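Let me begin by presenting the structure, written as structure tokens, before commenting on it.
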Amino acid sequence: LFLAVCAVGIGGTFQYGYNVSIINAPTQHIHRFLNETWSSRYHKELNPNLLTFIWSVIASIFSLGGLCGALIGGGMAIRLGRKGALLVNNIIAIVASILMGISFPTGLFELLIVGRFLIGINSGVGLCVQPLYFGEVAPKHLRGGVAMGSSIFLTGGILTGQIIGLRELLGGERHWPLLLSSSCFPAFAQLLFLPWFPESPRYLLIDRGDELSCAKALKRFHGSSEYRREMEDIQRECFALDGEKPKKPWQLFTDRGVRWQLITVIVLTMGQQLSGINAIYFYATYIFKQAGISAEKIPYVTLGTGACECLTALTCGLLIDYLGRRVLIIGGYLLMTLWSIVLTFSLTYQEQYSWVPYVSMTSIFAFILSFGLGPGGITNTLTAELFIQSSRPAAYMIGGTVSWISFFTIGMLFPFIVNGLKQYCFLVFLLECSIVAVFIFLVIPETKNKSFLEIKKEFHKLNFGRNA
């Protein structure tokens with residue numbers, strides 16, 4: 001089970017984290033490449049405004065690709081299976097890597113745009129299908145920890161991208177095309193290792209009706225002595241579905257039986273993206289400079305933020321099946337609310353006292369730790385747990401779409417929010433974090449050690465009223 005999680009994670013959410021991270025290091029080198037290409041092609045200087053626009057397209061088209069990937073990921077998981085969809089998805093990553101790698105020698109910056117779009121599709125599919133596989137292969141008592149694999153590999157991808165992007169490695173002027181094309185290595189790793197592991201047992205029995213393959217897969221994952229309990233649980237869910245086919249995303253919006261589960265996924269996904277974590281990274285460089293850290297050393301300090309996220313994802317994975325989901329996610333949002341208050345005060349008095357920048361630095365790391373401990377990892381876990389087999393792929397498609405649209409929106413609006421409100425922008429995130437914490441407290445039941453059918457019953461009263 002552990003090795004299967006590693007084989008799936010390396011080509012799934014790891015790719016997303018890695019490709020979000022590596023684009024920051026070669027910014028200046030890509031600017032120079034765009035200028036030189038434009039000059040040699042049109043024999044005139046590239047207009048600075050047009051340069052900014054082309055760079056914005058290269059950076060942000062990734063999220064448009066991610067949105068497309070989220071929209072097709074659920075359909076791929078149903079037609080090809082969870083494992084099959086992930087394997088096919090690697091072909092997209094390899095093509096994207098080749099296009100980005102040859103953009104510099106061919107002098108075609110358009111290939112960078114196409115490559116970033118394709119790697120976005122790969123990330124969107126991975127973010128949709130990988131948590132589906134994790135949620136379906138794990139036994140009840142380990143489901144939270146296995147599902148946290150998505151967050152662990154995502155943060156691991158961010159940290160790896162930050163390390164590989166250092167100028168001493170592939171972040172220098174000569175090697176940046178190699179840096180952008182290096183995402184083919186996780187894809188090749190998954191193509192090499194994932195075929196050795198079984199398909200999702202729930203998919204095999206409920207979607208394909210293949211009881212023999214399901215039993216074989218469960219024996220591989222849970223051992224020949226422990227698999228029967230999980231087999232009975234899958235058979236009960238199969239019986240309750242009574243041959244119901246996988247639903248389309250638009251069918252969930254008209255299904256009263258999943259109304260509050262769907263509202264929960266939308267609120268949590270938007271809450272995760274709009275929580276202020278992007279603001280933290282935006283302000284990090286400024287705060288590190290104020291604390292007296294030289295510009296050359298800031299990339300190494302930034303590694304600390306990536307290590308923080310990775311550490312808390314691992315910690316959350318160890319605690320989730322012990323403390324439960326509600327404690328961690330509510331606690332995470334409340335702590336983020338607290339650190340938003342501290343940051344607002346410390347940024348206000350940043351230049352008046354010499355010790356205040358260190359308070360800001362501490363708050364940045366504390367905010368990232370709080371995010372990783374709750375909202376960063378548990379959001380995806382809950383999406384897997386709140387829906388039964390027929391609704392789960394469609395729920396991930398909706399959650400993924402909301403996530404990518406929120407990601408794109410905050411990327412577009414955030415500079416204006418910061419310029420308009422300055423340090424008081426954290427008051428907006430403070431309000432958002434506290435509202436999401438209250439929503440979770442009032443609406444979401446604890447899902448620890450419960451089957452998918454038991455969790456569905458928990459929501460029955462909310463969906464149909466107290467007298468249902």
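Ordering of the structure tokens sets the chain letters (A, B, ...); residue numbers start at 1 within each chain; ligands are numbered from 1 in the order shown.
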Apply DSSP to the backbone of this structure and, from segment 133-177 of chain A, keep only the residues in alpha helix (DSSP H); write these as a ChimeraX atom specification. /A:133-137,143-147,149-164,176-177
Near Ile23 of chain A, counting only C-alpha atoms, which residues have an atom at most 8 Å away, once you skip same-chain residues fewer than 4 positions from it, shown as a PDB file with all heavy atoms, in the first residue's frame?
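Wrote around.pdb, looks like this:
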ATOM      1  N   ASN A  19       5.875  21.971 -10.812  1.00  0.00           N
ATOM      2  CA  ASN A  19       5.730  22.924 -11.910  1.00  0.00           C
ATOM      3  C   ASN A  19       5.246  24.293 -11.465  1.00  0.00           C
ATOM      4  O   ASN A  19       5.471  25.278 -12.167  1.00  0.00           O
ATOM      5  CB  ASN A  19       4.815  22.339 -12.989  1.00  0.00           C
ATOM      6  CG  ASN A  19       5.517  21.281 -13.808  1.00  0.00           C
ATOM      7  OD1 ASN A  19       6.367  21.577 -14.621  1.00  0.00           O
ATOM      8  ND2 ASN A  19       5.186  20.017 -13.551  1.00  0.00           N
ATOM      9  N   THR A  27      12.893  33.313 -14.285  1.00  0.00           N
ATOM     10  CA  THR A  27      12.130  34.465 -14.780  1.00  0.00           C
ATOM     11  C   THR A  27      13.003  35.415 -15.608  1.00  0.00           C
ATOM     12  O   THR A  27      12.666  35.750 -16.752  1.00  0.00           O
ATOM     13  CB  THR A  27      11.494  35.240 -13.602  1.00  0.00           C
ATOM     14  OG1 THR A  27      10.654  34.351 -12.868  1.00  0.00           O
ATOM     15  CG2 THR A  27      10.662  36.409 -14.102  1.00  0.00           C
ATOM     16  N   ALA A  59       3.299  32.265 -17.606  1.00  0.00           N
ATOM     17  CA  ALA A  59       3.140  31.892 -16.190  1.00  0.00           C
ATOM     18  C   ALA A  59       1.711  31.444 -15.871  1.00  0.00           C
ATOM     19  O   ALA A  59       1.506  30.471 -15.143  1.00  0.00           O
ATOM     20  CB  ALA A  59       3.526  33.072 -15.306  1.00  0.00           C
ATOM     21  N   LEU A 180      12.948  23.459 -17.032  1.00  0.00           N
ATOM     22  CA  LEU A 180      11.536  23.399 -17.431  1.00  0.00           C
ATOM     23  C   LEU A 180      11.159  22.033 -18.013  1.00  0.00           C
ATOM     24  O   LEU A 180      10.000  21.620 -17.921  1.00  0.00           O
ATOM     25  CB  LEU A 180      11.220  24.511 -18.439  1.00  0.00           C
ATOM     26  CG  LEU A 180      11.295  25.950 -17.919  1.00  0.00           C
ATOM     27  CD1 LEU A 180      10.860  26.938 -18.986  1.00  0.00           C
ATOM     28  CD2 LEU A 180      10.444  26.148 -16.662  1.00  0.00           C
TER      29      LEU A 180
END
Excluding segment 75-89 of chain A and any residue of its chain fewer than 3 positions from it, enumerate the residues within 6 Å of it, using only C-alpha atoms, and give them as a PDB file with N, CA and C atoms, in the first residue's frame.
ATOM      1  N   ILE A  72     -11.569  17.152 -17.541  1.00  0.00           N
ATOM      2  CA  ILE A  72     -11.507  15.847 -18.231  1.00  0.00           C
ATOM      3  C   ILE A  72     -11.051  14.716 -17.303  1.00  0.00           C
ATOM      4  N   ILE A  92       1.100  13.233 -21.632  1.00  0.00           N
ATOM      5  CA  ILE A  92       0.926  14.689 -21.746  1.00  0.00           C
ATOM      6  C   ILE A  92       2.132  15.403 -21.132  1.00  0.00           C
ATOM      7  N   ASN A 122      -1.834  18.189 -17.391  1.00  0.00           N
ATOM      8  CA  ASN A 122      -1.302  17.045 -16.634  1.00  0.00           C
ATOM      9  C   ASN A 122      -1.538  17.229 -15.133  1.00  0.00           C
ATOM     10  N   TYR A 133      -7.853   7.638  -6.309  1.00  0.00           N
ATOM     11  CA  TYR A 133      -7.164   6.351  -6.112  1.00  0.00           C
ATOM     12  C   TYR A 133      -6.812   6.152  -4.643  1.00  0.00           C
ATOM     13  N   GLU A 199      -5.230  -1.900  -9.899  1.00  0.00           N
ATOM     14  CA  GLU A 199      -6.225  -0.845 -10.060  1.00  0.00           C
ATOM     15  C   GLU A 199      -6.989  -0.681  -8.740  1.00  0.00           C
TER      16      GLU A 199
END
Skipping near chain neighbours, those fewer than 6 positions away, what residues fall within 12 Å of segment 250-258 of chain A using only C-alpha atoms, listed as a VMD selection string? chain A and resid 71 264 to 266 383 386 to 388 390 to 399 455 to 465 468
Tell me, in Å to one decimal, how far atom CA of Phe193 of chain A is from atom CA of Ala7 of chain A.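 These two atoms are separated by 5.8 Å.
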Quick one: pull the distance between atom CA of Leu159 of chain A and atom CA of Leu347 of chain A, Å, one decimal. 26.4 Å
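Shortest atom-to-atom contact with Val137 of chain A among A:Ser200, A:Gln352, A:Gln273, A:Thr381: A:Ser200, counting only C-alpha atoms.
A straight line drawn from atom CA of Leu431 of chain A to atom CA of Leu274 of chain A is 10.7 Å long.
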Could you name the residues that touch Phe439 of chain A at 12 Å or less, counting only C-alpha atoms, but leaving out those on the same chain fewer than 6 positions away, as a tab-separated table (two decimals) with C-alpha atoms, in the first residue's frame?
chain	number	residue	atom	x	y	z
A	260	TRP	CA	-24.55	19.78	1.50
A	263	ILE	CA	-21.60	22.93	-0.80
A	264	THR	CA	-18.91	21.70	1.62
A	265	VAL	CA	-16.48	20.83	-1.21
A	266	ILE	CA	-17.01	24.22	-2.90
A	267	VAL	CA	-16.58	26.19	0.37
A	268	LEU	CA	-13.48	24.23	1.45
A	271	GLY	CA	-11.34	28.61	1.33
A	326	ARG	CA	-12.47	18.32	12.22
A	329	ILE	CA	-8.92	21.67	9.81
A	330	ILE	CA	-10.80	23.94	12.26
A	333	TYR	CA	-8.09	27.94	10.03
A	432	GLU	CA	-12.30	34.45	5.18
A	433	CYS	CA	-10.46	31.97	7.46
A	445	PRO	CA	-19.32	15.75	10.82
Tell me, as a list of chain:residue names, which residues lie within 8 Å of Ile280 of chain A, counting only C-alpha atoms; anything in the same chain fewer than 4 positions away does not count.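 Using only C-alpha atoms, the neighbours found are A:Gly276, A:Ala284, A:Ile364, A:Phe367, A:Ile368.
Counting only C-alpha atoms and comparing A:Leu194, A:Ala187, A:Ile234, A:Leu118, the residue that lies closest to Gly209 of chain A is A:Ile234.
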Find the residues near Phe408 of chain A: any atom within 10 Å, counting only C-alpha atoms, skip ones fewer than 6 places away on the same chain, and give them as a list in words.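 Neighbouring residues, sequence-local ones excluded: Ser60, Ile61, Phe62, Ser63, Leu64, Gly66, Leu67, Gln273, Val402 and Phe414 of chain A.
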For segment 96-214 of chain A versus segment 293-312 of chain A, which residues have an atom no more than 10 Å away, and what is each residue's nearest atom pair and distance in Å rounded to one decimal, using only C-alpha atoms, chain-then-number order, as JSON lines?
{"residue": "A:Ser151", "atom": "CA", "partner": "A:Cys310", "partner_atom": "CA", "distance": 8.3}
{"residue": "A:Ile152", "atom": "CA", "partner": "A:Cys310", "partner_atom": "CA", "distance": 6.2}
{"residue": "A:Phe153", "atom": "CA", "partner": "A:Cys310", "partner_atom": "CA", "distance": 8.3}
{"residue": "A:Leu154", "atom": "CA", "partner": "A:Cys310", "partner_atom": "CA", "distance": 8.3}
{"residue": "A:Thr155", "atom": "CA", "partner": "A:Cys310", "partner_atom": "CA", "distance": 4.9}
{"residue": "A:Gly156", "atom": "CA", "partner": "A:Cys310", "partner_atom": "CA", "distance": 5.8}
{"residue": "A:Gly157", "atom": "CA", "partner": "A:Cys310", "partner_atom": "CA", "distance": 9.0}
{"residue": "A:Ile158", "atom": "CA", "partner": "A:Gly306", "partner_atom": "CA", "distance": 6.3}
{"residue": "A:Leu159", "atom": "CA", "partner": "A:Gly306", "partner_atom": "CA", "distance": 4.9}
{"residue": "A:Thr160", "atom": "CA", "partner": "A:Gly306", "partner_atom": "CA", "distance": 8.6}
{"residue": "A:Gly161", "atom": "CA", "partner": "A:Gly306", "partner_atom": "CA", "distance": 9.4}
{"residue": "A:Gln162", "atom": "CA", "partner": "A:Leu303", "partner_atom": "CA", "distance": 6.3}
{"residue": "A:Ile163", "atom": "CA", "partner": "A:Leu303", "partner_atom": "CA", "distance": 7.2}
{"residue": "A:Gly165", "atom": "CA", "partner": "A:Pro299", "partner_atom": "CA", "distance": 9.3}
{"residue": "A:Leu166", "atom": "CA", "partner": "A:Pro299", "partner_atom": "CA", "distance": 7.3}
{"residue": "A:Arg167", "atom": "CA", "partner": "A:Pro299", "partner_atom": "CA", "distance": 9.3}
